[in-house]
>>> print(open('entry07.cif').read())   # mmCIF, C-alpha atoms (C1' of nucleotides)
data_my_file
loop_
_atom_site.group_PDB
_atom_site.id
_atom_site.type_symbol
_atom_site.label_atom_id
_atom_site.label_comp_id
_atom_site.auth_asym_id
_atom_site.auth_seq_id
_atom_site.Cartn_x
_atom_site.Cartn_y
_atom_site.Cartn_z
ATOM 1 C CA MET A 1 124.876 112.775 122.693
ATOM 2 C CA LYS A 2 127.782 112.191 120.443
ATOM 3 C CA ALA A 3 127.604 108.987 118.523
ATOM 4 C CA SER A 4 131.139 107.900 117.859
ATOM 5 C CA PHE A 5 131.745 106.360 114.509
ATOM 6 C CA VAL A 6 134.829 104.337 114.077
ATOM 7 C CA LEU A 7 134.739 103.596 110.445
ATOM 8 C CA TRP A 8 137.271 104.393 107.874
ATOM 9 C CA SER A 9 139.787 107.237 108.091
ATOM 10 C CA ARG A 10 140.782 105.791 111.432
ATOM 11 C CA GLY A 11 144.008 104.173 110.426
ATOM 12 C CA ASP A 12 143.126 100.649 109.433
ATOM 13 C CA PHE A 13 140.596 100.560 106.654
ATOM 14 C CA ASP A 14 139.760 98.422 103.715
ATOM 15 C CA VAL A 15 137.284 100.033 101.373
ATOM 16 C CA GLU A 16 135.893 96.719 100.245
ATOM 17 C CA ARG A 17 135.060 94.697 103.334
ATOM 18 C CA CYS A 18 133.530 97.598 105.232
ATOM 19 C CA PRO A 19 130.315 96.533 107.011
ATOM 20 C CA VAL A 20 128.969 100.035 106.914
ATOM 21 C CA ARG A 21 129.304 100.325 103.176
ATOM 22 C CA GLU A 22 127.837 96.877 102.885
ATOM 23 C CA ILE A 23 124.720 97.829 104.689
ATOM 24 C CA LEU A 24 124.479 101.209 103.007
ATOM 25 C CA SER A 25 124.633 99.684 99.576
ATOM 26 C CA HIS A 26 121.789 97.392 100.537
ATOM 27 C CA LEU A 27 119.713 100.186 101.963
ATOM 28 C CA GLY A 28 120.217 101.998 98.744
ATOM 29 C CA ASP A 29 118.880 99.029 96.882
ATOM 30 C CA LYS A 30 115.686 100.999 96.467
ATOM 31 C CA TRP A 31 113.586 97.939 97.314
ATOM 32 C CA THR A 32 115.349 96.036 100.094
ATOM 33 C CA THR A 33 114.234 98.300 102.883
ATOM 34 C CA LEU A 34 110.709 98.681 101.594
ATOM 35 C CA ILE A 35 110.294 94.930 101.497
ATOM 36 C CA VAL A 36 111.624 94.510 105.005
ATOM 37 C CA ILE A 37 109.149 97.095 106.226
ATOM 38 C CA ALA A 38 106.357 95.455 104.284
ATOM 39 C CA LEU A 39 107.075 92.204 106.079
ATOM 40 C CA ALA A 40 107.114 93.921 109.447
ATOM 41 C CA GLU A 41 103.434 93.228 110.043
ATOM 42 C CA GLY A 42 103.764 89.555 109.270
ATOM 43 C CA PRO A 43 104.231 86.914 106.581
ATOM 44 C CA HIS A 44 103.260 87.727 103.032
ATOM 45 C CA ARG A 45 103.006 85.941 99.767
ATOM 46 C CA PHE A 46 104.765 86.898 96.590
ATOM 47 C CA ASN A 47 101.864 88.639 94.958
ATOM 48 C CA GLU A 48 100.804 90.268 98.188
ATOM 49 C CA LEU A 49 104.163 91.952 98.321
ATOM 50 C CA ARG A 50 103.832 92.909 94.718
ATOM 51 C CA ARG A 51 100.567 94.621 95.424
ATOM 52 C CA ALA A 52 102.025 96.307 98.490
ATOM 53 C CA LEU A 53 104.785 97.790 96.352
ATOM 54 C CA PRO A 54 102.761 99.201 93.472
ATOM 55 C CA ASP A 55 105.697 100.004 91.245
ATOM 56 C CA ILE A 56 108.107 97.157 91.783
ATOM 57 C CA SER A 57 108.956 95.001 88.836
ATOM 58 C CA ASN A 58 108.679 91.279 88.869
ATOM 59 C CA ARG A 59 112.369 90.895 88.409
ATOM 60 C CA MET A 60 113.356 93.152 91.278
ATOM 61 C CA LEU A 61 110.941 91.587 93.727
ATOM 62 C CA THR A 62 112.304 88.123 93.037
ATOM 63 C CA GLN A 63 115.883 89.232 93.181
ATOM 64 C CA THR A 64 115.575 91.339 96.307
ATOM 65 C CA LEU A 65 113.732 88.579 98.114
ATOM 66 C CA ARG A 66 116.482 86.125 97.300
ATOM 67 C CA ASP A 67 119.171 88.504 98.453
ATOM 68 C CA LEU A 68 117.363 89.057 101.722
ATOM 69 C CA GLN A 69 116.945 85.351 102.210
ATOM 70 C CA ARG A 70 120.582 84.839 101.414
ATOM 71 C CA ASP A 71 121.547 87.300 104.111
ATOM 72 C CA GLY A 72 119.328 85.474 106.577
ATOM 73 C CA LEU A 73 116.920 88.359 107.027
ATOM 74 C CA LEU A 74 113.886 86.465 105.859
ATOM 75 C CA SER A 75 112.641 82.920 105.436
ATOM 76 C CA ARG A 76 110.812 81.381 102.559
ATOM 77 C CA GLN A 77 108.438 78.474 102.507
ATOM 78 C CA VAL A 78 106.733 76.848 99.568
ATOM 79 C CA PHE A 79 103.311 75.280 99.989
ATOM 80 C CA PRO A 80 102.771 72.694 97.255
ATOM 81 C CA THR A 81 99.153 73.580 96.743
ATOM 82 C CA LYS A 82 97.645 74.144 93.337
ATOM 83 C CA PRO A 83 98.438 76.674 92.300
ATOM 84 C CA PRO A 84 101.490 76.797 94.541
ATOM 85 C CA SER A 85 101.872 79.500 97.125
ATOM 86 C CA VAL A 86 105.006 80.851 98.754
ATOM 87 C CA GLU A 87 105.311 82.705 102.001
ATOM 88 C CA TYR A 88 107.995 85.084 103.140
ATOM 89 C CA TRP A 89 108.544 86.346 106.644
ATOM 90 C CA LEU A 90 111.216 88.052 108.664
ATOM 91 C CA THR A 91 113.651 86.006 110.688
ATOM 92 C CA PRO A 92 114.663 87.259 114.140
ATOM 93 C CA LEU A 93 117.677 88.792 112.442
ATOM 94 C CA GLY A 94 115.435 90.504 109.945
ATOM 95 C CA ARG A 95 113.129 91.765 112.642
ATOM 96 C CA SER A 96 116.098 93.141 114.505
ATOM 97 C CA ARG A 97 116.697 95.482 111.617
ATOM 98 C CA LEU A 98 113.268 97.015 112.074
ATOM 99 C CA ASP A 99 114.170 99.072 115.108
ATOM 100 C CA PRO A 100 117.064 101.056 113.644
ATOM 101 C CA LEU A 101 114.999 101.338 110.507
ATOM 102 C CA ALA A 102 112.040 102.708 112.401
ATOM 103 C CA ALA A 103 114.284 105.332 113.944
ATOM 104 C CA LEU A 104 115.353 106.426 110.515
ATOM 105 C CA VAL A 105 111.842 106.479 109.111
ATOM 106 C CA THR A 106 110.658 108.486 112.072
ATOM 107 C CA TRP A 107 113.468 110.928 111.522
ATOM 108 C CA ALA A 108 112.555 111.224 107.874
ATOM 109 C CA GLN A 109 108.957 111.973 108.668
ATOM 110 C CA ASN A 110 109.754 114.433 111.420
ATOM 111 C CA THR A 111 112.253 116.417 109.403
ATOM 112 C CA HIS A 112 110.575 116.149 106.053
ATOM 113 C CA ALA A 113 109.001 119.585 106.365
ATOM 114 C CA ASP A 114 112.288 121.214 107.374
ATOM 115 C CA VAL A 115 114.080 119.679 104.444
ATOM 116 C CA LYS A 116 111.414 120.848 102.055
ATOM 117 C CA THR A 117 111.678 124.361 103.413
ATOM 118 C CA ALA A 118 115.461 124.444 103.288
ATOM 119 C CA ARG A 119 115.350 123.119 99.793
ATOM 120 C CA SER A 120 113.032 125.732 98.359
ATOM 121 C CA LYS A 121 114.893 128.474 100.183
ATOM 122 C CA PHE A 122 118.160 127.246 98.704
ATOM 123 C CA ASP A 123 116.671 127.083 95.247
ATOM 124 C CA ARG A 124 115.210 130.554 95.441
ATOM 125 C CA SER A 125 118.306 132.287 96.730
ATOM 126 C CA GLY A 126 121.426 130.992 95.059
ATOM 127 C CA SER A 127 121.175 129.023 91.897
ATOM 128 C CA VAL A 128 119.681 131.284 89.280
ATOM 129 C CA ILE A 129 121.172 128.870 86.848
ATOM 130 C CA ALA A 130 117.854 128.040 85.292
ATOM 131 C CA ASN A 131 115.794 130.535 83.351
ATOM 132 C CA VAL A 132 118.558 131.522 81.016
ATOM 133 C CA ASP A 133 116.855 131.843 77.663
ATOM 134 C CA SER A 134 119.049 129.979 75.231
ATOM 135 C CA MET B 135 108.306 96.050 120.368
ATOM 136 C CA LYS B 136 106.407 96.486 117.199
ATOM 137 C CA ALA B 137 107.336 99.569 115.270
ATOM 138 C CA SER B 138 104.295 100.537 113.286
ATOM 139 C CA PHE B 139 105.033 101.795 109.841
ATOM 140 C CA VAL B 140 102.341 103.742 108.133
ATOM 141 C CA LEU B 141 103.786 104.164 104.743
ATOM 142 C CA TRP B 142 102.284 103.115 101.512
ATOM 143 C CA SER B 143 99.774 100.321 101.053
ATOM 144 C CA ARG B 144 97.677 101.998 103.698
ATOM 145 C CA GLY B 145 95.036 103.489 101.472
ATOM 146 C CA ASP B 146 96.292 106.947 100.611
ATOM 147 C CA PHE B 147 99.633 106.819 98.916
ATOM 148 C CA ASP B 148 101.526 108.707 96.313
ATOM 149 C CA VAL B 149 104.655 106.916 95.181
ATOM 150 C CA GLU B 150 106.431 110.146 94.329
ATOM 151 C CA ARG B 151 106.134 112.413 97.349
ATOM 152 C CA CYS B 152 106.868 109.690 99.895
ATOM 153 C CA PRO B 153 109.264 110.952 102.584
ATOM 154 C CA VAL B 154 110.509 107.476 103.288
ATOM 155 C CA ARG B 155 111.488 106.820 99.710
ATOM 156 C CA GLU B 156 113.046 110.246 99.630
ATOM 157 C CA ILE B 157 115.338 109.482 102.493
ATOM 158 C CA LEU B 158 116.061 105.970 101.304
ATOM 159 C CA SER B 159 117.145 107.180 97.913
ATOM 160 C CA HIS B 160 119.517 109.583 99.592
ATOM 161 C CA LEU B 161 120.920 106.927 101.866
ATOM 162 C CA GLY B 162 121.550 104.873 98.800
ATOM 163 C CA ASP B 163 123.456 107.735 97.300
ATOM 164 C CA LYS B 164 126.588 105.807 98.169
ATOM 165 C CA TRP B 165 128.260 109.002 99.407
ATOM 166 C CA THR B 166 125.663 111.071 101.234
ATOM 167 C CA THR B 167 125.718 109.058 104.415
ATOM 168 C CA LEU B 168 129.457 108.660 104.467
ATOM 169 C CA ILE B 169 129.917 112.398 104.202
ATOM 170 C CA VAL B 170 127.445 113.076 106.980
ATOM 171 C CA ILE B 171 129.314 110.653 109.197
ATOM 172 C CA ALA B 172 132.614 112.173 108.217
ATOM 173 C CA LEU B 173 131.359 115.567 109.354
ATOM 174 C CA ALA B 174 130.122 114.136 112.631
ATOM 175 C CA GLU B 175 133.374 114.959 114.399
ATOM 176 C CA GLY B 176 133.365 118.560 113.268
ATOM 177 C CA PRO B 177 133.891 120.950 110.359
ATOM 178 C CA HIS B 178 136.037 119.870 107.471
ATOM 179 C CA ARG B 179 137.429 121.406 104.348
ATOM 180 C CA PHE B 180 136.895 120.133 100.860
ATOM 181 C CA ASN B 181 140.166 118.304 100.512
ATOM 182 C CA GLU B 182 140.017 117.002 104.036
ATOM 183 C CA LEU B 183 136.803 115.248 103.131
ATOM 184 C CA ARG B 184 138.344 113.996 99.969
ATOM 185 C CA ARG B 185 141.152 112.411 101.923
ATOM 186 C CA ALA B 186 138.701 110.972 104.422
ATOM 187 C CA LEU B 187 136.859 109.242 101.598
ATOM 188 C CA PRO B 188 139.744 107.637 99.737
ATOM 189 C CA ASP B 189 137.782 106.607 96.693
ATOM 190 C CA ILE B 190 135.362 109.436 96.118
ATOM 191 C CA SER B 191 135.619 111.323 92.880
ATOM 192 C CA ASN B 192 135.900 115.055 92.702
ATOM 193 C CA ARG B 193 132.614 115.317 90.947
ATOM 194 C CA MET B 194 130.677 113.272 93.460
ATOM 195 C CA LEU B 195 132.066 115.081 96.461
ATOM 196 C CA THR B 196 131.065 118.444 95.048
ATOM 197 C CA GLN B 197 127.644 117.282 94.023
ATOM 198 C CA THR B 198 126.817 115.438 97.219
ATOM 199 C CA LEU B 199 127.934 118.371 99.306
ATOM 200 C CA ARG B 200 125.664 120.692 97.384
ATOM 201 C CA ASP B 201 122.722 118.358 97.725
ATOM 202 C CA LEU B 202 123.259 118.110 101.452
ATOM 203 C CA GLN B 203 123.515 121.858 101.733
ATOM 204 C CA ARG B 204 120.374 122.218 99.698
ATOM 205 C CA ASP B 205 118.520 119.967 102.084
ATOM 206 C CA GLY B 206 119.742 122.039 104.995
ATOM 207 C CA LEU B 207 121.830 119.256 106.498
ATOM 208 C CA LEU B 208 125.091 121.115 106.286
ATOM 209 C CA SER B 209 126.447 124.632 106.025
ATOM 210 C CA ARG B 210 129.171 125.973 103.835
ATOM 211 C CA GLN B 211 131.433 128.924 104.365
ATOM 212 C CA VAL B 212 134.061 130.353 102.067
ATOM 213 C CA PHE B 213 137.125 132.045 103.506
ATOM 214 C CA PRO B 214 138.582 134.400 100.897
ATOM 215 C CA THR B 215 142.152 133.583 101.756
ATOM 216 C CA LYS B 216 144.735 132.752 99.144
ATOM 217 C CA PRO B 217 144.364 130.120 98.145
ATOM 218 C CA PRO B 218 140.724 130.076 99.187
ATOM 219 C CA SER B 219 139.457 127.596 101.724
ATOM 220 C CA VAL B 220 135.934 126.339 102.281
ATOM 221 C CA GLU B 221 134.510 124.740 105.365
ATOM 222 C CA TYR B 222 131.595 122.393 105.686
ATOM 223 C CA TRP B 223 129.844 121.413 108.879
ATOM 224 C CA LEU B 224 126.609 119.825 109.972
ATOM 225 C CA THR B 225 123.646 121.978 110.842
ATOM 226 C CA PRO B 226 121.485 120.998 113.825
ATOM 227 C CA LEU B 227 119.234 119.265 111.331
ATOM 228 C CA GLY B 228 122.179 117.393 109.909
ATOM 229 C CA ARG B 229 123.404 116.425 113.338
ATOM 230 C CA SER B 230 119.958 115.130 114.176
ATOM 231 C CA ARG B 231 120.375 112.528 111.495
ATOM 232 C CA LEU B 232 123.418 111.121 113.241
ATOM 233 C CA ASP B 233 121.487 109.318 115.945
ATOM 234 C CA PRO B 234 119.269 107.157 113.745
ATOM 235 C CA LEU B 235 122.280 106.630 111.549
ATOM 236 C CA ALA B 236 124.381 105.478 114.467
ATOM 237 C CA ALA B 237 121.697 102.970 115.364
ATOM 238 C CA LEU B 238 121.849 101.570 111.892
ATOM 239 C CA VAL B 239 125.627 101.432 111.801
ATOM 240 C CA THR B 240 125.684 99.715 115.151
ATOM 241 C CA TRP B 241 123.182 97.193 113.888
ATOM 242 C CA ALA B 242 125.303 96.603 110.800
ATOM 243 C CA GLN B 243 128.387 95.958 112.860
ATOM 244 C CA ASN B 244 126.641 93.732 115.361
ATOM 245 C CA THR B 245 124.961 91.553 112.788
ATOM 246 C CA HIS B 246 127.703 91.539 110.223
ATOM 247 C CA ALA B 247 128.987 88.174 111.336
ATOM 248 C CA ASP B 248 125.520 86.590 111.307
ATOM 249 C CA VAL B 249 124.881 87.844 107.825
ATOM 250 C CA LYS B 250 128.176 86.486 106.605
ATOM 251 C CA THR B 251 127.386 83.103 108.097
ATOM 252 C CA ALA B 252 123.870 82.985 106.671
ATOM 253 C CA ARG B 253 125.236 83.998 103.329
ATOM 254 C CA SER B 254 127.842 81.294 103.022
ATOM 255 C CA LYS B 255 125.401 78.707 104.317
ATOM 256 C CA PHE B 256 122.883 79.766 101.694
ATOM 257 C CA ASP B 257 125.479 79.658 98.972
ATOM 258 C CA ARG B 258 126.702 76.230 99.946
ATOM 259 C CA SER B 259 123.301 74.591 100.207
ATOM 260 C CA GLY B 260 121.042 75.727 97.397
ATOM 261 C CA SER B 261 122.510 77.426 94.398
ATOM 262 C CA VAL B 262 124.807 75.010 92.670
ATOM 263 C CA ILE B 263 124.328 77.206 89.701
ATOM 264 C CA ALA B 264 127.982 78.030 89.358
ATOM 265 C CA ASN B 265 130.609 75.475 88.369
ATOM 266 C CA VAL B 266 128.900 74.404 85.211
ATOM 267 C CA ASP B 267 131.702 73.916 82.721
ATOM 268 C CA SER B 268 130.633 75.672 79.573
ATOM 269 C "C1'" DC C 269 100.878 81.531 91.214
ATOM 270 C "C1'" DG C 270 105.599 82.276 91.565
ATOM 271 C "C1'" DG C 271 109.137 82.725 89.391
ATOM 272 C "C1'" DC C 272 113.511 82.877 85.680
ATOM 273 C "C1'" DA C 273 115.675 84.579 81.240
ATOM 274 C "C1'" DT C 274 116.438 88.060 77.936
ATOM 275 C "C1'" DC C 275 116.665 92.526 76.101
ATOM 276 C "C1'" DC C 276 117.672 97.174 76.581
ATOM 277 C "C1'" DC C 277 117.665 101.836 78.100
ATOM 278 C "C1'" DA C 278 118.690 105.611 81.613
ATOM 279 C "C1'" DC C 279 121.034 107.155 84.843
ATOM 280 C "C1'" DT C 280 124.932 106.943 88.329
ATOM 281 C "C1'" DG C 281 129.076 107.988 88.924
ATOM 282 C "C1'" DG C 282 134.356 107.567 87.618
ATOM 283 C "C1'" DA C 283 138.365 109.778 84.939
ATOM 284 C "C1'" DT C 284 140.275 113.588 83.134
ATOM 285 C "C1'" DA C 285 141.211 118.269 82.002
ATOM 286 C "C1'" DC C 286 140.421 123.039 82.754
ATOM 287 C "C1'" DT C 287 139.290 127.619 85.663
ATOM 288 C "C1'" DG C 288 139.000 131.439 89.424
ATOM 289 C "C1'" DC D 289 142.492 125.055 96.929
ATOM 290 C "C1'" DA D 290 138.013 124.372 95.469
ATOM 291 C "C1'" DG D 291 135.602 123.528 92.396
ATOM 292 C "C1'" DT D 292 133.289 123.082 87.013
ATOM 293 C "C1'" DA D 293 132.684 120.829 82.510
ATOM 294 C "C1'" DT D 294 132.775 117.020 79.446
ATOM 295 C "C1'" DC D 295 133.035 112.487 78.200
ATOM 296 C "C1'" DC D 296 132.097 107.771 78.814
ATOM 297 C "C1'" DA D 297 131.501 102.881 80.925
ATOM 298 C "C1'" DG D 298 129.083 100.058 83.999
ATOM 299 C "C1'" DT D 299 124.996 98.601 85.745
ATOM 300 C "C1'" DG D 300 120.623 98.975 88.097
ATOM 301 C "C1'" DG D 301 116.452 97.996 87.027
ATOM 302 C "C1'" DG D 302 112.010 98.161 83.963
ATOM 303 C "C1'" DA D 303 109.290 95.555 80.271
ATOM 304 C "C1'" DT D 304 108.191 91.513 78.276
ATOM 305 C "C1'" DG D 305 107.610 86.694 77.507
ATOM 306 C "C1'" DC D 306 108.035 81.844 78.869
ATOM 307 C "C1'" DC D 307 107.785 77.806 82.271
ATOM 308 C "C1'" DG D 308 106.559 74.483 86.290
#
>>> encode(input="entry07.cif", output="structure tokens")
Amino acid sequence: MKASFVLWSRGDFDVERCPVREILSHLGDKWTTLIVIALAEGPHRFNELRRALPDISNRMLTQTLRDLQRDGLLSRQVFPTKPPSVEYWLTPLGRSRLDPLAALVTWAQNTHADVKTARSKFDRSGSVIANVDS
Amino acid sequence: MKASFVLWSRGDFDVERCPVREILSHLGDKWTTLIVIALAEGPHRFNELRRALPDISNRMLTQTLRDLQRDGLLSRQVFPTKPPSVEYWLTPLGRSRLDPLAALVTWAQNTHADVKTARSKFDRSGSVIANVDS
DNA sequence: CGGCATCCCACTGGATACTG
DNA sequence: CAGTATCCAGTGGGATGCCG
């Protein structure tokens, strides 16, 4: 199968408003995707997410959640209990991102071994750049 | 359909050697994915790629290409002509990444409008943070 | 508990100039 | 043509502390 990509380099192209770059920059956000996946199983509260992502900072969790909400991928609801609690969950739009994401994750897991092999082979053969004593 | 993700937060987990984070960090590389897509149609030479990606810097193209080669996603061959020419093309492994990628790109294009709508709605309603004069 | 504000450092990656 | 080397700015994002 040959997936045809009509992106840039196909005549008309504006670097800025390119949906593909848009999405790629978000995927590269380091946290965006992980949060979406974390919410795949169901709604979660702020601190639940924080525990799910052991090494995320407070700042980044807040910010990424707001960005995702802004893009309509997740919803947020505040329960005025004491102390207050807030729930986040994926919207239909957000859930629709799970499938392509799952494909990618699956690919990553399937090919992980191959990549590791290729990598060590590459390192052993060519680049003897390291190990130069001073 | 419920794509089950067994990633972190599932008992055993080492933040570092997590294949998913691996791949995500590469996707976020800003150039990696674009280069892979650019090579989808077939082999390309260094400067051809540079023209295909209008705003990539010399440095980044070189570096990203080497990383991709290192991971076994693409091959490189030098033709000792004068002046020399070098060709890059996807390996089977590299081509195998195209399918999940295509799914994601398709998703991005399909939902782009929705996201834009959600975004402007979000901006209009809540955050009246801007427009504060001094 | 669920944030927001501030500070600050590390790294990403762009520009430029030089080589085989 | 196909890179490499160096320099440097911008910013992503961590740590910390405060507030409703």
>>> resolve_selection(input="entry07.cif", expression="the PyMOL selection byres ((chain C) within 9 of (chain A))", output="ChimeraX atom specification")
/C:269-272
>>> residues_around(input="entry07.cif", residues="segment 198-209 of chain B", least_positions_apart="2", cutoff="8 Å", atoms="all atoms listed in the file", output="ChimeraX atom specification")
/A:114-116,118-119,122-123 /B:165-166,169,194-196,211,222-229
>>> residues_around(input="entry07.cif", residues="DA278 of chain C", least_positions_apart="4", cutoff="12 Å", atoms="only C-alpha atoms (C1' of nucleotides)", output="number ranges by chain")
D: 299-302
>>> closest_atom_pairs(input="entry07.cif", of="chain D", to="chain B", cutoff="9 Å", atoms="all atoms listed in the file", output="CSV")
residue,atom,partner,partner_atom,distance
D:DC289,C1',B:Pro217,CA,5.5
D:DA290,C1',B:Phe180,CA,6.9
D:DG291,C1',B:Thr196,CA,7.3
D:DT292,C1',B:Arg193,CA,8.7
>>> closest_residue(input="entry07.cif", among="B:Leu183, B:Ile190, B:Leu158, B:Cys152", to="chain A", atoms="only C-alpha atoms")
B:Leu158
>>> residues_around(input="entry07.cif", residues="DT294 of chain D", least_positions_apart="4", cutoff="12 Å", atoms="only C-alpha atoms (C1' of nucleotides)", output="list in words")
Arg193 of chain B; DA283, DT284, DA285 and DC286 of chain C
>>> resolve_selection(input="entry07.cif", expression="the PyMOL selection byres ((chain B) within 8 of (chain A))", output="ChimeraX atom specification")
/B:137,139,142-143,153-155,157-164,171,186-187,204-206,227,231-239,241-243,245-246,248-250,252-253,256-257
>>> atom_distance(input="entry07.cif", atom1="atom C1' of DA297 of chain D", atom2="atom CA of Arg184 of chain B")
23.1 Å
>>> residues_around(input="entry07.cif", residues="DG298 of chain D", least_positions_apart="3", cutoff="12 Å", atoms="only C-alpha atoms (C1' of nucleotides)", output="list of chain:residue names")
C:DC279, C:DT280, C:DG281, C:DG282
>>> write_last_selection(input="entry07.cif", atoms="C-alpha atoms (C1' of nucleotides)", output="short mmCIF file (atom, residue, chain, number, x, y, z; two decimals), in the coordinates of the input")
data_model
loop_
_atom_site.label_atom_id
_atom_site.label_comp_id
_atom_site.auth_asym_id
_atom_site.auth_seq_id
_atom_site.Cartn_x
_atom_site.Cartn_y
_atom_site.Cartn_z
"C1'" DC C 279 121.03 107.16 84.84
"C1'" DT C 280 124.93 106.94 88.33
"C1'" DG C 281 129.08 107.99 88.92
"C1'" DG C 282 134.36 107.57 87.62
#
>>> atom_distance(input="entry07.cif", atom1="atom C1' of DA293 of chain D", atom2="atom CA of Glu182 of chain B")
23.1 Å
>>> axis_aligned_box(input="entry07.cif", around="segment 291-297 of chain D", padding_each_side="6 Å", output="AutoDock Vina command-line options")
--center_x 133.6 --center_y 113.2 --center_z 85.3 --size_x 16.1 --size_y 32.6 --size_z 26.2
>>> atom_distance(input="entry07.cif", atom1="atom C1' of DA273 of chain C", atom2="atom CA of Pro43 of chain A")
27.9 Å
>>> residues_near_point(input="entry07.cif", point="(113.6, 97.2, 77.7)", cutoff="8 Å", atoms="all atoms listed in the file", output="count of residues only")
6
